[in-house]
$ cat my_file.csv   # CSV, C-alpha atoms
chain,number,residue,atom,x,y,z
A,1,MET,CA,42.5,-7.0,16.6
A,2,ILE,CA,40.9,-4.0,14.7
A,3,THR,CA,40.5,-0.8,16.6
A,4,ILE,CA,38.7,2.3,15.3
A,5,GLN,CA,40.1,5.6,16.5
A,6,PHE,CA,37.7,8.5,16.8
A,7,GLY,CA,40.1,11.3,17.6
A,8,ARG,CA,38.1,14.5,17.1
A,9,PRO,CA,34.8,15.5,18.8
A,10,LEU,CA,32.9,15.4,15.5
A,11,HIS,CA,33.9,11.8,15.1
A,12,SER,CA,32.4,11.0,18.5
A,13,VAL,CA,29.0,12.4,17.3
A,14,PHE,CA,29.2,10.1,14.3
A,15,LYS,CA,30.2,7.2,16.5
A,16,VAL,CA,27.1,7.7,18.7
A,17,LEU,CA,24.8,8.1,15.7
A,18,PHE,CA,26.2,5.0,14.0
A,19,LEU,CA,25.9,2.9,17.1
A,20,GLY,CA,22.4,4.4,17.7
A,21,ILE,CA,21.2,3.4,14.2
A,22,ILE,CA,22.6,-0.2,14.6
A,23,GLY,CA,21.0,-0.5,18.1
A,24,PHE,CA,17.6,0.8,16.8
A,25,GLY,CA,17.7,-1.7,13.9
A,26,LEU,CA,18.5,-4.7,16.1
A,27,THR,CA,15.7,-3.8,18.7
A,28,CYS,CA,13.1,-2.5,16.3
A,29,PRO,CA,10.3,-5.1,15.9
A,30,GLY,CA,9.8,-4.2,12.2
A,31,PRO,CA,6.6,-3.1,10.5
A,32,VAL,CA,5.3,-6.6,9.7
A,33,PHE,CA,5.3,-7.5,13.4
A,34,ALA,CA,4.1,-4.2,14.7
A,35,ASP,CA,1.8,-4.2,17.7
A,36,ASN,CA,-1.7,-3.9,16.3
A,37,ASN,CA,-3.4,-3.3,19.7
A,38,MET,CA,-3.4,0.4,19.4
A,39,ALA,CA,-6.0,2.8,20.7
A,40,VAL,CA,-8.7,4.2,18.4
A,41,ASN,CA,-7.8,7.7,17.2
A,42,GLU,CA,-10.7,10.1,16.7
A,43,TYR,CA,-9.3,12.9,14.6
A,44,ALA,CA,-12.5,14.7,13.8
A,45,THR,CA,-16.3,14.4,13.9
A,46,ALA,CA,-18.8,14.8,11.0
A,47,THR,CA,-19.7,18.2,12.5
A,48,THR,CA,-16.1,19.5,12.6
A,49,ALA,CA,-15.6,18.2,9.0
A,50,ILE,CA,-18.7,20.0,7.8
A,51,THR,CA,-17.8,23.2,9.7
A,52,SER,CA,-14.4,23.2,8.0
A,53,ALA,CA,-15.9,22.8,4.6
A,54,PHE,CA,-18.9,25.1,5.0
A,55,PRO,CA,-18.1,27.6,7.8
A,56,ASN,CA,-21.4,29.4,7.3
A,57,TYR,CA,-23.7,26.4,7.4
A,58,THR,CA,-26.7,26.7,9.7
A,59,HIS,CA,-28.0,23.2,10.1
A,60,THR,CA,-27.8,19.6,8.8
A,61,GLU,CA,-30.4,16.9,8.4
A,62,LEU,CA,-29.4,13.3,8.8
A,63,ARG,CA,-31.0,11.1,6.1
A,64,GLN,CA,-30.8,7.6,4.9
A,65,LEU,CA,-30.7,6.0,1.4
A,66,LYS,CA,-32.1,2.5,1.4
A,67,ILE,CA,-30.1,0.2,-1.0
A,68,ASN,CA,-32.2,-2.5,-2.6
A,69,ALA,CA,-30.9,-5.4,-4.7
A,70,SER,CA,-31.1,-3.6,-8.0
A,71,LEU,CA,-29.5,-0.4,-6.7
A,72,ARG,CA,-26.8,-2.5,-5.0
A,73,SER,CA,-26.1,-4.3,-8.3
A,74,LYS,CA,-25.8,-1.0,-10.1
A,75,PHE,CA,-23.3,0.4,-7.5
A,76,GLU,CA,-21.3,-2.9,-7.5
A,77,ASN,CA,-21.0,-2.8,-11.3
A,78,GLN,CA,-19.7,0.8,-11.1
A,79,LEU,CA,-17.2,-0.2,-8.4
A,80,ALA,CA,-16.4,-3.6,-9.9
A,81,SER,CA,-16.5,-4.8,-6.4
A,82,ARG,CA,-19.0,-6.1,-3.8
A,83,TRP,CA,-20.5,-3.5,-1.5
A,84,PRO,CA,-22.7,-5.5,1.0
A,85,VAL,CA,-24.6,-2.6,2.6
A,86,ASP,CA,-28.4,-2.1,3.1
A,87,SER,CA,-28.3,1.7,3.5
A,88,VAL,CA,-26.1,4.7,3.4
A,89,GLN,CA,-26.5,7.6,5.9
A,90,TRP,CA,-25.7,11.1,4.9
A,91,HIS,CA,-26.0,14.6,6.2
A,92,ALA,CA,-27.7,17.2,4.0
A,93,ILE,CA,-26.0,20.5,4.7
A,94,PHE,CA,-28.0,23.8,4.6
A,95,GLN,CA,-27.2,27.4,4.9
A,96,LYS,CA,-30.6,28.8,6.1
A,97,LYS,CA,-33.0,27.3,3.5
A,98,LYS,CA,-30.4,26.7,0.8
A,99,TRP,CA,-29.0,23.2,0.3
A,100,VAL,CA,-25.2,23.6,0.0
A,101,GLY,CA,-23.9,20.1,0.0
A,102,ASN,CA,-23.9,16.6,1.5
A,103,ALA,CA,-21.6,14.8,3.9
A,104,ILE,CA,-21.4,11.0,3.6
A,105,VAL,CA,-19.7,9.1,6.4
A,106,LEU,CA,-18.2,5.8,5.2
A,107,ASP,CA,-16.2,3.0,6.8
A,108,GLU,CA,-13.5,1.4,4.6
A,109,ILE,CA,-11.1,-1.4,5.6
A,110,GLY,CA,-7.5,-0.4,5.8
A,111,LYS,CA,-5.1,-3.2,6.6
A,112,HIS,CA,-7.4,-5.0,9.1
A,113,LYS,CA,-9.6,-2.4,10.7
A,114,PRO,CA,-12.1,0.1,9.3
A,115,ILE,CA,-11.2,3.7,8.7
A,116,THR,CA,-14.1,6.2,9.0
A,117,PHE,CA,-14.1,8.9,6.3
A,118,CYS,CA,-16.3,11.9,5.9
A,119,VAL,CA,-16.6,12.8,2.2
A,120,ILE,CA,-18.2,16.2,1.6
A,121,LEU,CA,-19.8,16.8,-1.8
A,122,THR,CA,-21.2,19.9,-3.4
A,123,PRO,CA,-24.6,20.1,-5.1
A,124,ASP,CA,-22.8,19.5,-8.4
A,125,ASP,CA,-21.6,16.1,-7.1
A,126,GLU,CA,-18.0,17.3,-6.8
A,127,VAL,CA,-15.8,16.4,-3.9
A,128,LYS,CA,-15.3,19.4,-1.7
A,129,SER,CA,-13.2,17.7,1.0
A,130,VAL,CA,-12.3,14.3,2.5
A,131,THR,CA,-11.6,14.0,6.3
A,132,VAL,CA,-10.5,11.0,8.3
A,133,LEU,CA,-12.8,10.9,11.4
A,134,THR,CA,-11.6,7.7,13.1
A,135,TYR,CA,-8.4,5.8,12.5
A,136,ARG,CA,-7.9,2.4,14.1
A,137,GLU,CA,-4.7,1.0,12.7
A,138,PRO,CA,-1.2,1.3,14.3
A,139,VAL,CA,0.4,2.8,11.2
A,140,GLY,CA,-0.7,4.8,8.2
A,141,SER,CA,-2.6,7.7,9.8
A,142,ASP,CA,-0.6,10.1,7.7
A,143,ILE,CA,-3.4,9.8,5.0
A,144,ARG,CA,-5.4,12.4,7.1
A,145,LYS,CA,-2.9,15.1,6.2
A,146,HIS,CA,-3.8,17.8,3.7
A,147,ARG,CA,-1.0,16.9,1.2
A,148,PHE,CA,-2.8,13.6,0.6
A,149,MET,CA,-6.5,14.6,1.0
A,150,LYS,CA,-6.2,17.7,-1.3
A,151,GLN,CA,-5.7,15.3,-4.2
A,152,PHE,CA,-9.5,14.5,-4.1
A,153,ALA,CA,-10.7,18.0,-4.3
A,154,ASN,CA,-13.1,18.8,-7.3
A,155,ARG,CA,-13.2,15.1,-8.4
A,156,ARG,CA,-16.4,14.1,-10.1
A,157,ILE,CA,-18.0,10.8,-11.1
A,158,SER,CA,-16.6,11.3,-14.6
A,159,ASP,CA,-13.2,11.8,-13.1
A,160,ILE,CA,-13.1,8.9,-10.5
A,161,PRO,CA,-9.6,8.9,-8.9
A,162,THR,CA,-7.3,6.0,-9.3
A,163,ILE,CA,-4.4,5.3,-7.1
A,164,ASP,CA,-0.9,5.7,-8.6
A,165,ASP,CA,-2.2,7.2,-11.8
A,166,ASP,CA,-3.6,10.4,-10.4
A,167,ILE,CA,-3.6,10.0,-6.6
A,168,ALA,CA,-0.1,9.5,-5.1
A,169,PRO,CA,-0.3,7.2,-2.1
A,170,ILE,CA,1.4,8.0,1.2
A,171,THR,CA,4.6,6.0,1.7
A,172,GLY,CA,4.0,3.4,4.5
A,173,ALA,CA,0.2,3.9,4.2
A,174,THR,CA,-0.5,2.1,1.0
A,175,LEU,CA,-3.6,0.3,2.2
A,176,SER,CA,-5.0,3.3,4.0
A,177,SER,CA,-4.5,5.3,0.7
A,178,TRP,CA,-6.4,2.6,-1.2
A,179,ALA,CA,-9.2,2.8,1.4
A,180,ALA,CA,-9.5,6.5,1.0
A,181,VAL,CA,-9.8,6.2,-2.8
A,182,THR,CA,-12.5,3.5,-2.4
A,183,ALA,CA,-14.4,5.7,0.1
A,184,VAL,CA,-14.3,8.6,-2.3
A,185,LYS,CA,-15.4,6.4,-5.2
A,186,LYS,CA,-18.4,5.1,-3.2
A,187,ALA,CA,-19.4,8.6,-2.2
A,188,LEU,CA,-19.2,9.8,-5.8
A,189,ILE,CA,-21.4,6.9,-7.0
A,190,VAL,CA,-24.0,7.5,-4.4
A,191,SER,CA,-24.0,11.3,-4.7
A,192,PRO,CA,-26.4,11.8,-7.7
A,193,LEU,CA,-29.1,9.8,-5.8
A,194,ILE,CA,-29.0,11.9,-2.6
A,195,HIS,CA,-30.1,15.3,-3.7
A,196,PRO,CA,-32.7,16.4,-1.1
B,1,MET,CA,53.1,1.3,0.4
B,2,LYS,CA,52.4,-2.3,-0.2
B,3,GLN,CA,49.2,-2.1,1.8
B,4,ARG,CA,48.1,0.9,-0.1
B,5,ARG,CA,48.7,-0.9,-3.4
B,6,ILE,CA,46.7,-4.0,-2.3
B,7,HIS,CA,43.9,-1.7,-1.1
B,8,ARG,CA,43.8,0.1,-4.5
B,9,TRP,CA,43.7,-3.1,-6.5
B,10,LEU,CA,41.1,-4.7,-4.3
B,11,GLY,CA,39.0,-1.6,-4.5
B,12,LEU,CA,39.2,-1.4,-8.3
B,13,ILE,CA,38.1,-5.0,-8.6
B,14,ALA,CA,35.2,-4.6,-6.1
B,15,VAL,CA,34.1,-1.3,-7.7
B,16,VAL,CA,32.4,-3.1,-10.6
B,17,GLY,CA,30.3,-5.4,-8.4
B,18,LEU,CA,29.5,-2.6,-5.9
B,19,THR,CA,28.3,-0.3,-8.6
B,20,ILE,CA,26.1,-2.9,-10.1
B,21,SER,CA,24.7,-3.9,-6.7
B,22,CYS,CA,24.0,-0.3,-5.7
B,23,ILE,CA,22.2,0.6,-9.0
B,24,THR,CA,20.2,-2.6,-9.2
B,25,GLY,CA,19.4,-2.5,-5.4
B,26,ILE,CA,18.0,1.0,-5.7
B,27,ALA,CA,15.9,-0.1,-8.8
B,28,LEU,CA,14.6,-3.2,-7.1
B,29,ASN,CA,13.7,-1.3,-3.9
B,30,TYR,CA,11.3,0.7,-6.1
B,31,PRO,CA,10.0,-1.8,-8.7
B,32,ASP,CA,6.9,0.3,-9.6
B,33,GLN,CA,9.2,3.0,-11.0
B,34,ILE,CA,10.6,0.6,-13.6
B,35,LYS,CA,8.9,1.1,-16.9
B,36,ASP,CA,6.2,-1.4,-17.8
B,37,ASP,CA,7.6,-3.5,-20.7
B,38,GLY,CA,4.3,-5.3,-21.4
B,39,SER,CA,5.6,-8.7,-20.3
B,40,ILE,CA,3.3,-11.3,-18.8
B,41,HIS,CA,4.4,-12.3,-15.2
B,42,GLN,CA,1.9,-15.0,-14.7
B,43,ALA,CA,-0.8,-16.9,-16.7
B,44,ILE,CA,-3.3,-19.1,-15.0
B,45,GLY,CA,-6.3,-21.0,-16.4
B,46,ASN,CA,-9.6,-22.3,-15.1
B,47,SER,CA,-12.7,-23.6,-16.8
B,48,HIS,CA,-13.6,-20.1,-18.0
B,49,GLY,CA,-10.4,-19.3,-19.9
B,50,ILE,CA,-6.9,-17.9,-19.2
B,51,TYR,CA,-6.1,-14.9,-17.0
B,52,TYR,CA,-2.9,-13.0,-17.7
B,53,LEU,CA,-1.1,-10.9,-15.0
B,54,TYR,CA,0.8,-8.0,-16.6
B,55,ASP,CA,2.9,-5.4,-14.8
B,56,ARG,CA,0.0,-3.0,-14.3
B,57,HIS,CA,-3.2,-4.9,-15.2
B,58,ILE,CA,-5.0,-8.3,-15.5
B,59,SER,CA,-6.6,-9.5,-18.7
B,60,PHE,CA,-8.9,-12.4,-19.5
B,61,ASP,CA,-8.8,-14.5,-22.6
B,62,ASP,CA,-11.9,-16.7,-23.2
B,63,GLY,CA,-10.4,-18.2,-26.3
B,64,LYS,CA,-11.9,-15.6,-28.6
B,65,VAL,CA,-10.9,-12.2,-27.3
B,66,GLU,CA,-8.6,-10.8,-24.6
B,67,THR,CA,-10.3,-8.2,-22.4
B,68,ARG,CA,-8.8,-6.1,-19.6
B,69,LEU,CA,-10.4,-6.7,-16.2
B,70,PRO,CA,-11.4,-3.8,-14.0
B,71,THR,CA,-9.5,-4.0,-10.7
B,72,ARG,CA,-10.4,-2.5,-7.3
B,73,HIS,CA,-6.8,-1.9,-6.3
B,74,PRO,CA,-3.8,-1.1,-8.5
B,75,ILE,CA,-1.9,-4.1,-10.0
B,76,ARG,CA,1.8,-3.9,-9.1
B,77,TYR,CA,5.0,-5.9,-9.6
B,78,GLY,CA,5.0,-8.8,-7.1
B,79,ASP,CA,1.3,-9.5,-7.1
B,80,GLN,CA,0.2,-13.2,-7.5
B,81,LEU,CA,-2.8,-14.7,-9.3
B,82,ILE,CA,-4.5,-17.8,-8.0
B,83,ALA,CA,-7.1,-19.8,-10.0
B,84,TYR,CA,-10.0,-21.9,-8.6
B,85,SER,CA,-13.0,-23.5,-10.1
B,86,THR,CA,-15.4,-20.5,-10.0
B,87,GLY,CA,-13.0,-17.6,-10.4
B,88,ILE,CA,-9.6,-16.2,-9.6
B,89,ALA,CA,-8.0,-14.4,-6.7
B,90,ILE,CA,-5.1,-12.0,-6.5
B,91,LEU,CA,-2.7,-11.6,-3.6
B,92,HIS,CA,-1.5,-8.1,-3.8
B,93,ARG,CA,2.1,-7.4,-2.8
B,94,ASP,CA,0.6,-5.4,0.2
B,95,GLN,CA,-1.0,-8.6,1.6
B,96,VAL,CA,-4.5,-7.9,0.4
B,97,LEU,CA,-6.3,-11.0,-0.9
B,98,MET,CA,-9.2,-10.3,-3.4
B,99,THR,CA,-11.4,-12.8,-5.2
B,100,TYR,CA,-13.0,-12.2,-8.6
B,101,GLU,CA,-16.2,-13.9,-9.5
B,102,ASN,CA,-19.0,-12.9,-11.9
B,103,GLY,CA,-17.3,-9.6,-12.7
B,104,LEU,CA,-17.0,-8.4,-9.0
B,105,TRP,CA,-14.0,-8.3,-6.6
B,106,THR,CA,-14.4,-9.2,-2.9
B,107,ARG,CA,-11.8,-8.7,-0.3
B,108,LEU,CA,-11.1,-11.6,2.1
B,109,ASN,CA,-10.8,-10.7,5.7
B,110,LEU,CA,-7.5,-12.1,6.9
B,111,PRO,CA,-6.7,-12.5,10.7
B,112,GLU,CA,-4.5,-9.8,12.1
B,113,SER,CA,-2.2,-12.4,13.5
B,114,MET,CA,-1.4,-13.8,10.1
B,115,ALA,CA,2.3,-13.1,9.3
B,116,TRP,CA,3.8,-12.4,5.9
B,117,ILE,CA,2.0,-14.5,3.2
B,118,THR,CA,4.3,-16.5,0.9
B,119,HIS,CA,1.8,-18.7,-0.9
B,120,VAL,CA,-1.9,-19.0,-1.5
B,121,SER,CA,-4.0,-21.9,-2.9
B,122,ALA,CA,-7.7,-22.6,-3.1
B,123,ILE,CA,-9.7,-25.8,-2.9
B,124,ASP,CA,-13.0,-24.8,-4.4
B,125,ARG,CA,-13.7,-21.9,-2.1
B,126,GLU,CA,-11.6,-22.9,0.9
B,127,TRP,CA,-8.2,-21.3,1.2
B,128,VAL,CA,-4.8,-22.6,2.3
B,129,ILE,CA,-2.3,-19.9,3.0
B,130,THR,CA,1.3,-20.3,3.8
B,131,THR,CA,2.9,-17.5,5.8
B,132,SER,CA,6.4,-16.9,7.2
B,133,THR,CA,5.3,-18.3,10.6
B,134,GLY,CA,2.6,-20.9,9.9
B,135,VAL,CA,0.0,-22.4,7.6
B,136,TRP,CA,-3.6,-21.2,7.7
B,137,LYS,CA,-6.8,-22.8,6.4
B,138,SER,CA,-10.2,-21.2,6.0
B,139,THR,CA,-13.5,-22.7,6.8
B,140,GLY,CA,-16.2,-21.5,4.5
B,141,SER,CA,-15.1,-19.0,1.9
B,142,GLY,CA,-12.7,-17.1,4.1
B,143,GLU,CA,-15.0,-16.2,7.0
B,144,THR,CA,-13.0,-18.0,9.7
B,145,TRP,CA,-9.4,-19.1,9.7
B,146,THR,CA,-7.5,-21.8,11.6
B,147,MET,CA,-3.7,-22.2,11.9
B,148,ILE,CA,-3.1,-25.8,10.9
B,149,ARG,CA,0.7,-25.8,11.1
B,150,GLY,CA,2.8,-23.5,13.4
B,151,PRO,CA,3.4,-21.1,14.8
B,152,TYR,CA,7.1,-21.5,14.1
B,153,PRO,CA,9.8,-18.9,14.2
B,154,GLU,CA,10.4,-16.9,11.0
B,155,SER,CA,13.1,-18.4,8.8
B,156,LEU,CA,16.6,-16.9,8.9
B,157,ARG,CA,16.3,-16.2,5.2
B,158,ASP,CA,13.2,-14.0,5.7
B,159,THR,CA,14.9,-12.1,8.6
B,160,ILE,CA,18.0,-11.5,6.4
B,161,LYS,CA,15.7,-10.3,3.6
B,162,ARG,CA,14.0,-7.8,5.9
B,163,PHE,CA,17.4,-6.3,6.9
B,164,HIS,CA,18.7,-6.3,3.4
B,165,THR,CA,15.8,-4.4,2.0
B,166,GLY,CA,15.6,-2.1,5.0
B,167,TRP,CA,12.0,-3.2,5.8
B,168,GLN,CA,13.1,-4.1,9.3
B,169,PHE,CA,12.8,-0.3,9.9
B,170,GLY,CA,9.7,0.2,7.8
B,171,PRO,CA,9.5,2.6,4.9
B,172,TRP,CA,12.1,4.9,6.5
B,173,GLY,CA,14.5,1.9,6.5
B,174,GLN,CA,13.9,1.4,2.8
B,175,THR,CA,14.7,5.1,2.2
B,176,PHE,CA,17.8,4.8,4.4
B,177,MET,CA,19.1,1.8,2.4
B,178,THR,CA,18.5,3.7,-0.9
B,179,ALA,CA,20.4,6.7,0.6
B,180,SER,CA,23.2,4.3,1.7
B,181,ALA,CA,23.5,2.9,-1.9
B,182,ILE,CA,23.6,6.4,-3.3
B,183,LEU,CA,26.3,7.3,-0.8
B,184,THR,CA,28.3,4.2,-1.8
B,185,LEU,CA,28.1,5.3,-5.4
B,186,GLY,CA,29.4,8.7,-4.3
B,187,LEU,CA,32.3,7.1,-2.5
B,188,ILE,CA,33.1,5.1,-5.6
B,189,VAL,CA,33.2,8.2,-7.8
B,190,THR,CA,35.2,10.2,-5.3
B,191,GLY,CA,37.6,7.3,-4.7
B,192,ILE,CA,38.3,7.0,-8.5
B,193,ALA,CA,38.7,10.8,-8.8
B,194,LEU,CA,41.3,10.7,-5.9
B,195,LEU,CA,43.2,7.8,-7.6
B,196,ILE,CA,43.4,9.7,-10.9
B,197,LYS,CA,44.5,12.8,-9.2
B,198,ARG,CA,47.3,11.0,-7.3
B,199,LYS,CA,48.4,9.3,-10.6
B,200,ARG,CA,48.6,12.7,-12.4
B,201,ARG,CA,50.6,14.2,-9.5
B,202,LYS,CA,53.1,11.3,-9.7
B,203,LEU,CA,53.5,11.9,-13.5
$ encode --input "my_file.csv" --output "structure tokens"
Amino acid sequence: MITIQFGRPLHSVFKVLFLGIIGFGLTCPGPVFADNNMAVNEYATATTAITSAFPNYTHTELRQLKINASLRSKFENQLASRWPVDSVQWHAIFQKKKWVGNAIVLDEIGKHKPITFCVILTPDDEVKSVTVLTYREPVGSDIRKHRFMKQFANRRISDIPTIDDDIAPITGATLSSWAAVTAVKKALIVSPLIHP
Amino acid sequence: MKQRRIHRWLGLIAVVGLTISCITGIALNYPDQIKDDGSIHQAIGNSHGIYYLYDRHISFDDGKVETRLPTRHPIRYGDQLIAYSTGIAILHRDQVLMTYENGLWTRLNLPESMAWITHVSAIDREWVITTSTGVWKSTGSGETWTMIRGPYPESLRDTIKRFHTGWQFGPWGQTFMTASAILTLGLIVTGIALLIKRKRRKL
């Protein structure tokens, strides 16, 4: 019979750690079988996202861009992907009478459920900030953190971000990272058409 | 003394296999970090032509010229192509299934209860998907899904694989397994150094 002697107190700590890791491994359900019935997490609202990007803004106006068949075809060709929407809603942001930017709220599918993003753009059609408003998946919410979102700052239509090449995804949140990139791409494509 | 000698020789024999296993294990845990060598992983054809799946992109050859296809998501090692009469589909390693028709990609909505996908095939626009716990068939072009076989328990092979790669514990498990492999390499180096030191002392 093999016996392991843990003589010193330090060894006892290692023993507990070792048994703890093994125990966790055997009881952990694993990421593939994670419980998907998780509450919806609302991390921000469009108003808080706009306040964070433009602290001195005075008011916003909610507007809508109708997307007809020819416009949809143009967008889809730019995206190389289907985008079955009839309209896009956006907030025009004003500081007194001066238009300072737009905020577009978009839903993009993560693994199974939509993630709501707020993409804020400057009048030059540059990304100012990207915020996760609502996250509905059990894992991957780390994409809302600044270290990931800051990678989109100052992106333009001529500099559309691509994952892996110039946007480093978050480990364990690959599909949410892809969703963020798609949301930003859509916002950049729409941006030139929504100047008030 | 005899036990020590046996331990030393067994260790020296095992060190070769252990070193290879550790280095290749670390590399295979991060396949995207391995340099793209331009090799074709999969080629499939339909009535339009032949599609080639490379390490980082897909291209299409209509018999005259080979053109690179724009993709919505990055192409990675481990992705699979599926051909059907009107287009192609790609199953990304991350379990996203996209179809490509008339120059546009469309993502198929898969049920949340669908386990790990191991194989995908298409009959015209209807899909048959084999997962680790059952077989699913779509009605229409992927709008609704029905499990036609299963659910059955995950195979022992798949469970072992999840433990081996560390995915049982998620991405942190993968990192832990990589750290363990690096630690093993460290133990090999320090073990050999101790052996050499002891030999020199004896001389």
$ interface_residues --input "my_file.csv" --of "chain B" --to "chain A" --cutoff "7 Å" --atoms "only C-alpha atoms" --output "list in words"
Pro70, Thr71, Arg72, His73, Pro74, Gly103, Leu104, Trp105, Thr106, Glu112, Trp167, Gln168, Phe169, Gly170 and Pro171 of chain B
$ residues_around --input "my_file.csv" --residues "stretch 44-49 of chain A" --least-positions-apart "3" --cutoff "12 Å" --atoms "only C-alpha atoms" --output "PyMOL selection string"
chain A and resi 41+52-55+57-62+89-93+102-106+116-121+128-135+144
$ atom_distance --input "my_file.csv" --atom1 "atom CA of B:Asn46" --atom2 "atom CA of B:Tyr84"
6.5 Å
$ atom_distance --input "my_file.csv" --atom1 "atom CA of A:Val139" --atom2 "atom CA of B:Ile182"
27.6 Å
$ atom_distance --input "my_file.csv" --atom1 "atom CA of A:Val40" --atom2 "atom CA of A:Gly140"
13.0 Å
$ closest_residue --input "my_file.csv" --among "A:Pro138, A:Pro192, A:Pro169, A:Pro161" --to "A:Ile115" --atoms "all atoms listed in the file"
A:Pro138
$ residues_near_point --input "my_file.csv" --point "(-4.1, -9.5, -4.2)" --cutoff "9 Å" --atoms "all atoms listed in the file" --output "PyMOL selection string"
chain B and resi 73+75+79-81+89-99+107
